[in-house]
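The block underneath contains the structure these notes are about, expressed in structure tokens.
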Amino acid sequence: MRNIRKLLVLFVLAAALTGMLTACKKNKGGDKKLPSSEGFTKDVVMRIDGTEVSYAEANIYLLSMREEVETLYGEGIWDFRFTRDGRTYSELMKDELLEKIIYIKLVGRMADEFDVALGADDVLTVNDYTQNFLNGITEETAKRYGITEELVRSIYKDNVLAKKVYETVTLNVDAKPDEKETRRADFYFLFKTKVYTDNEGKPVQVSGESLRELREDMKILLSQALAAEDFYTYAKNQTDAPNVEMTIGPDTFSRDITDRLFTLPEGSVSEIFETNDGLYIFCCKNKVNVAETQRAEEEAFAKICKEYFQDLYDKWRANSKVEINEALWNAM
């Protein structure tokens, strides 16, 4: 059933906004009479602002999540207790499953408001996913979980539509990531460690007179580095590190060190910087690593978009009416 997990390709957006991927306990039973709760027909497991979710639909989501989790952690994960109150992984997964289904339904419901609809390419994508999913399960599995081609196609439509709503809403977010947070620069560096391993293999911090001598030695290395024709070659012959090149961002070292490094002209050698692990001398190779800076900017903008959409979704969720068929939900 490895194609089942392809449903998660589309379900990932919901996971990103509602928490880590989780799953429910495996339903090991075959066909059985389904319990019902007052106000619900026997095959409706929940209503979200009046939109009904069938027992079969919820089980398809459950089946997809279950296979993904078992692939990562094994079948024994379900009864593992994660919380102080003794809740099992399967119970936690059920909470996540509920929120993910609610997310898909609520976001998809906003499609008309944002003038979002599935295009021809989207329909082809939905059809392709649907056939791949159905080709990856047995007739027995389809019968056990009430899986039909129409239902699978409907689920994929919901997921693709929710994804398009997210993309449309965040397309014109007017925000620019902070340059101080996204800049990446390349440096050569010479490193001398303050930590060594004793005879028992335990790490020991250099201190006292040994540390004072190390600092004095580093001053000599700095004067020699400043006089060297090629900092890279000199650092390579003197360093305690396995390499002498590093791409640095705002969180690589303390902000004080990073700010001073980012003012260093290309080809210039820095002062000595001391951290908990050792002493450093840097030489600026490139003031801006264009590719890494662009990647950081994209990640920062994606985070801004996610937070913007999350604020909208929180309002939709707070104003939504969710009704659960407790008997049927508990039977899953």
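Within each chain, counting starts at residue 1; across the structure tokens, chains are named A, B, ... in the order shown, with ligands numbered 1 upward in that order.
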Exercise for the section: Just the alpha helix (DSSP H) stuff from range 57-306 of chain A, please, per backbone DSSP, written as a ChimeraX atom specification. Expected result: /A:57-73,89-109,120-135,139-145,149-171,179-182,208-227,231-238,255-262,290-306
Practice task
Once DSSP has gone over the backbone, tell me which residues of range 88-199 of chain A are in strand (DSSP E or B), as a ChimeraX atom specification.
Solution key: /A:88,185-193,195-197
Practice task
Just the residues within 12 Å of range 179-184 of chain A, please, counting only C-alpha atoms, with nothing from its chain fewer than 5 positions along; format it as a ChimeraX atom specification.
Solution key: /A:246-252,255,258-259,261-263,284-301
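Ranking A:Gln238, A:Ser270, A:Ser254, A:Asn276 by their shortest atom-to-atom distance to Ser207 in chain A, with only C-alpha atoms included, puts A:Asn276 first.
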Practice task
Kindly give the distance, in Å, that separates CA of Ala120 in chain A and CA of Tyr103 in chain A, rounded to a single decimal.
Solution key: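 So the answer is 24.3 Å.
Take the candidates A:Glu150, A:Leu279, A:Asp230, A:Glu140 and check each one against Thr193 in chain A using only C-alpha atoms; the shortest distance goes to A:Leu279.
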Exercise for the section: Could you check which of A:Leu63, A:Ala56, A:Leu264, A:Ile304 is closest to Ile137 in chain A, using only C-alpha atoms? Expected result: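 Between A:Leu63, A:Ala56, A:Leu264, A:Ile304, the residue approaching Ile137 in chain A most closely is A:Leu63.
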Exercise for the section: Give the answer as one residue: which of A:Ala162, A:Leu62, A:Leu214, A:Ile77 has the shortest atom-to-atom distance to Val116 in chain A, using only C-alpha atoms? Expected result: A:Ala162
Need to verify the contact set: Thr148 in chain A, 12 Å, only C-alpha atoms, exclusion of same-chain residues closer than 6 positions in sequence. Can you return it as an mmCIF file with N, CA and C atoms, in the first residue's frame?
```
data_model
loop_
_atom_site.group_PDB
_atom_site.id
_atom_site.type_symbol
_atom_site.label_atom_id
_atom_site.label_comp_id
_atom_site.auth_asym_id
_atom_site.auth_seq_id
_atom_site.Cartn_x
_atom_site.Cartn_y
_atom_site.Cartn_z
ATOM 1 N N ALA A 56 -16.148 6.764 6.095
ATOM 2 C CA ALA A 56 -15.206 6.265 5.094
ATOM 3 C C ALA A 56 -14.153 7.310 4.757
ATOM 4 N N GLU A 57 -14.557 8.572 4.619
ATOM 5 C CA GLU A 57 -13.607 9.640 4.295
ATOM 6 C C GLU A 57 -12.577 9.798 5.402
ATOM 7 N N ASN A 59 -11.637 7.600 7.448
ATOM 8 C CA ASN A 59 -10.786 6.419 7.461
ATOM 9 C C ASN A 59 -9.718 6.456 6.377
ATOM 10 N N ILE A 60 -10.005 7.102 5.258
ATOM 11 C CA ILE A 60 -8.982 7.226 4.210
ATOM 12 C C ILE A 60 -7.839 8.099 4.700
ATOM 13 N N THR A 130 -5.622 10.164 -7.767
ATOM 14 C CA THR A 130 -6.696 9.213 -7.457
ATOM 15 C C THR A 130 -6.367 7.826 -7.980
ATOM 16 N N GLN A 131 -5.940 7.758 -9.226
ATOM 17 C CA GLN A 131 -5.622 6.443 -9.811
ATOM 18 C C GLN A 131 -4.416 5.806 -9.127
ATOM 19 N N PHE A 133 -3.515 6.210 -6.069
ATOM 20 C CA PHE A 133 -3.971 5.757 -4.750
ATOM 21 C C PHE A 133 -4.719 4.431 -4.879
ATOM 22 N N LEU A 134 -5.665 4.381 -5.800
ATOM 23 C CA LEU A 134 -6.476 3.176 -5.962
ATOM 24 C C LEU A 134 -5.637 1.992 -6.432
ATOM 25 N N ASN A 135 -4.626 2.267 -7.250
ATOM 26 C CA ASN A 135 -3.741 1.187 -7.709
ATOM 27 C C ASN A 135 -2.874 0.643 -6.580
ATOM 28 N N ILE A 137 -3.884 0.038 -3.411
ATOM 29 C CA ILE A 137 -4.602 -0.677 -2.356
ATOM 30 C C ILE A 137 -5.287 -1.916 -2.929
ATOM 31 N N THR A 138 -5.606 -2.843 -2.064
ATOM 32 C CA THR A 138 -6.291 -4.070 -2.469
ATOM 33 C C THR A 138 -7.802 -3.886 -2.374
ATOM 34 N N GLU A 139 -8.541 -4.794 -3.010
ATOM 35 C CA GLU A 139 -9.994 -4.755 -2.912
ATOM 36 C C GLU A 139 -10.447 -4.938 -1.471
ATOM 37 N N THR A 141 -8.850 -3.978 1.238
ATOM 38 C CA THR A 141 -8.672 -2.715 1.952
ATOM 39 C C THR A 141 -9.767 -1.730 1.581
ATOM 40 N N ALA A 142 -10.093 -1.636 0.304
ATOM 41 C CA ALA A 142 -11.142 -0.719 -0.154
ATOM 42 C C ALA A 142 -12.476 -1.054 0.499
ATOM 43 N N SER A 154 -12.817 13.015 -4.458
ATOM 44 C CA SER A 154 -13.341 14.132 -3.683
ATOM 45 C C SER A 154 -12.329 14.617 -2.648
ATOM 46 N N ILE A 155 -11.641 13.685 -2.004
ATOM 47 C CA ILE A 155 -10.635 14.051 -1.000
ATOM 48 C C ILE A 155 -9.480 14.796 -1.640
#
```
Handout entry: Distance of CA of Leu190 in chain A from CA of Phe282 in chain A, expressed in Å to one decimal place
Key = 6.5 Å
Quick one: residues within 12 Å of Leu124 in chain A, only C-alpha atoms, excluding same-chain residues fewer than 4 positions away - as a PDB file with N, CA and C atoms, in the first residue's frame?
```
ATOM      1  N   LEU A 118     -10.563  25.024  -9.158  1.00  0.00           N
ATOM      2  CA  LEU A 118      -9.637  24.084  -9.776  1.00  0.00           C
ATOM      3  C   LEU A 118      -9.608  24.297 -11.282  1.00  0.00           C
ATOM      4  N   GLY A 119      -8.403  24.388 -11.833  1.00  0.00           N
ATOM      5  CA  GLY A 119      -8.244  24.502 -13.267  1.00  0.00           C
ATOM      6  C   GLY A 119      -8.090  23.144 -13.921  1.00  0.00           C
ATOM      7  N   ALA A 120      -7.917  23.162 -15.227  1.00  0.00           N
ATOM      8  CA  ALA A 120      -7.785  21.912 -15.973  1.00  0.00           C
ATOM      9  C   ALA A 120      -6.584  21.098 -15.499  1.00  0.00           C
ATOM     10  N   ASP A 128      -4.809  11.892 -11.511  1.00  0.00           N
ATOM     11  CA  ASP A 128      -3.574  11.103 -11.431  1.00  0.00           C
ATOM     12  C   ASP A 128      -3.361  10.580 -10.010  1.00  0.00           C
ATOM     13  N   TYR A 129      -3.526  11.463  -9.043  1.00  0.00           N
ATOM     14  CA  TYR A 129      -3.384  11.038  -7.640  1.00  0.00           C
ATOM     15  C   TYR A 129      -4.413   9.970  -7.281  1.00  0.00           C
ATOM     16  N   THR A 130      -5.622  10.164  -7.767  1.00  0.00           N
ATOM     17  CA  THR A 130      -6.696   9.213  -7.457  1.00  0.00           C
ATOM     18  C   THR A 130      -6.367   7.826  -7.980  1.00  0.00           C
ATOM     19  N   GLN A 131      -5.940   7.758  -9.226  1.00  0.00           N
ATOM     20  CA  GLN A 131      -5.622   6.443  -9.811  1.00  0.00           C
ATOM     21  C   GLN A 131      -4.416   5.806  -9.127  1.00  0.00           C
ATOM     22  N   ARG A 153     -11.371  10.715  -5.108  1.00  0.00           N
ATOM     23  CA  ARG A 153     -11.253  11.909  -5.959  1.00  0.00           C
ATOM     24  C   ARG A 153     -11.741  13.150  -5.215  1.00  0.00           C
ATOM     25  N   TYR A 156      -9.015  14.310  -2.782  1.00  0.00           N
ATOM     26  CA  TYR A 156      -7.921  14.990  -3.457  1.00  0.00           C
ATOM     27  C   TYR A 156      -8.345  16.377  -3.942  1.00  0.00           C
ATOM     28  N   LYS A 157      -9.579  16.508  -4.399  1.00  0.00           N
ATOM     29  CA  LYS A 157     -10.071  17.822  -4.797  1.00  0.00           C
ATOM     30  C   LYS A 157     -10.038  18.784  -3.613  1.00  0.00           C
ATOM     31  N   VAL A 160      -6.329  19.740  -2.896  1.00  0.00           N
ATOM     32  CA  VAL A 160      -5.770  20.633  -3.914  1.00  0.00           C
ATOM     33  C   VAL A 160      -6.400  22.025  -3.795  1.00  0.00           C
TER      34      VAL A 160
END
```
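Every protein or nucleic acid residue with an atom no more than 7 Å from Val195 in chain A, counting only C-alpha atoms and leaving out same-chain residues fewer than 4 positions away, appears here: Pro203, Val204, Gln205, Val206 and Asp277 of chain A.
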Fill in the blank from the handout: Taken to one decimal, the CA of Cys283 in chain A-CA of Lys192 in chain A distance is 15.1 Å
Handout entry: Exercise: Met46 in chain A partners within 7 Å, only C-alpha atoms, chain neighbours under 3 positions left out, as an NGL selection string
Key = :A and (52-53 or 323-325)
Those residues with C-alpha atoms, as a PDB file, in the first residue's frame please?
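And here is the file that came out, selection.pdb:
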```pdb
ATOM      1  CA  GLU A  52     -20.591  16.323   6.541  1.00  0.00           C
ATOM      2  CA  VAL A  53     -17.560  14.051   6.731  1.00  0.00           C
ATOM      3  CA  GLU A 323     -20.053  18.584  15.626  1.00  0.00           C
ATOM      4  CA  ILE A 324     -18.645  15.139  16.331  1.00  0.00           C
ATOM      5  CA  ASN A 325     -20.474  11.832  16.183  1.00  0.00           C
TER       6      ASN A 325
END
```
